[in-house]
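Q: Here it is, the structure, as structure tokens.
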Amino acid sequence: MKLDNIDKKLLELLQTDSKQTTKQLSLQLGLSVTAVYERIKKLEKEKVIKQYVALVNKNKIEKSFLVFCHVQLEKHNKDHITVFEKEVNRLEEVTECFHVSGDYDYILKVYVKDMDAYRDFIVNKLTALKHVGNTRSVFTIGEVKNSIAIAL
């Protein structure tokens, strides 16, 4: 789907605050409410807009300890990859998992309460998965930039 400038501006506005009404969006875009509604529906239908979510304050739910965990499988073959990916999707502490190139096979983004909770996660969950050969953890000190919006 080819996005025009209005689609791009609409997506930027929705990425900033998806709870805006079509009336609020129409005023910012200089379009009718109906035109905005139809554009949003088209973007949803074409899967340009995948979903709407609420962003939770991690400090308020005691999940502010962020760790990037690098995982190396015992062997990098189809069976090991398939099993690992299925199992890692079940771990609630893992919010994102990327298959990467380099010395490690995966990078996991893990949110837990504190170091004790992370130790429990590593010992009892992650290293208990089949085919995990080696892990390396990188603990975050502070957040410099955290944006879910994609520049258009």
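The way I read the labels, and the way they are meant: chains A, B, ... in the order of the structure tokens, residue 1 as the first residue of every chain, and ligand 1 as the first ligand shown, with later ones counted on from there.
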Skip segment 78-95 of chain A itself and residues of its chain fewer than 6 positions away, then list as a ChimeraX atom specification all residues within 6 Å of it, counting only C-alpha atoms.
A: /A:109-111
Q: If we count only C-alpha atoms, what is near Gly142 of chain A at a cut-off of 10 Å, once residues fewer than 3 positions away on the same chain are taken out, given as a count of residues only?
A: 4
Q: Taking the chain letters and numbering used in this document, name the residues of segment 5-150 of chain A that DSSP puts in alpha helix (DSSP H), as a ChimeraX atom specification.
A: /A:5-16,22-29,33-45,78-88,115-121
Q: Please run DSSP on the backbone and report, as a PyMOL selection string, all residues within chain A that come out as strand (DSSP E or B).
A: chain A and resi 65-73+94-99+106-112+132-139
Q: What's around segment 146-152 of chain A at 10 Å? Count only C-alpha atoms, leave out sequence neighbours fewer than 3 positions away in its own chain, and write the answer as a list in words.
A: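 My list of contacting residues is Leu3, Asn5, Asp7, Lys8, Lys9, Leu11, Glu12, Leu13, Leu14, Gln15, Thr16, Leu55 and Glu143 of chain A.
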Q: Go ahead and write the residues just picked, C-alpha atoms, as a PDB file, in the first residue's frame.
A:
```pdb
ATOM      1  CA  LEU A   3       0.952   5.988   1.823  1.00  0.00           C
ATOM      2  CA  ASN A   5       1.300  12.557   3.123  1.00  0.00           C
ATOM      3  CA  ASP A   7      -1.802   8.901   5.736  1.00  0.00           C
ATOM      4  CA  LYS A   8       1.684   9.520   7.139  1.00  0.00           C
ATOM      5  CA  LYS A   9       0.526  12.467   9.236  1.00  0.00           C
ATOM      6  CA  LEU A  11      -0.182   7.598  11.499  1.00  0.00           C
ATOM      7  CA  GLU A  12       2.145  10.014  13.308  1.00  0.00           C
ATOM      8  CA  LEU A  13      -0.818  11.440  15.226  1.00  0.00           C
ATOM      9  CA  LEU A  14      -2.117   7.979  16.130  1.00  0.00           C
ATOM     10  CA  GLN A  15       1.342   6.833  17.233  1.00  0.00           C
ATOM     11  CA  THR A  16       1.471   9.832  19.559  1.00  0.00           C
ATOM     12  CA  LEU A  55       1.559   1.632  27.446  1.00  0.00           C
ATOM     13  CA  GLU A 143      16.760   4.870  29.815  1.00  0.00           C
TER      14      GLU A 143
END
```
Q: In Å to one decimal, how far is atom CA of Arg39 of chain A from atom CA of Leu25 of chain A?
A: 11.1 Å
Q: Could you tell me how far atom CA of Ile40 of chain A lies from atom CA of Lys2 of chain A, in Å and to one decimal?
A: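 Here the two named atoms are 14.2 Å from each other.
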Q: Tell me, in Å to one decimal, how far atom CA of Val67 of chain A is from atom CA of His99 of chain A.
A: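 One can read the atom CA of Val67 of chain A to atom CA of His99 of chain A distance as 16.5 Å.
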Q: With only C-alpha atoms as the basis for distance, which of A:Cys69, A:Asn77, A:Gly102, A:Met1 is at the shortest distance from Glu46 of chain A?
A: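 Looking at the shortest contact to Glu46 of chain A, the residue is A:Met1.
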Q: When distances are computed from only C-alpha atoms, which of A:Glu38, A:Asp114, A:Glu44, A:Glu74 shows the smallest separation from Lys58 of chain A?
A: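 Closest candidate: A:Asp114.
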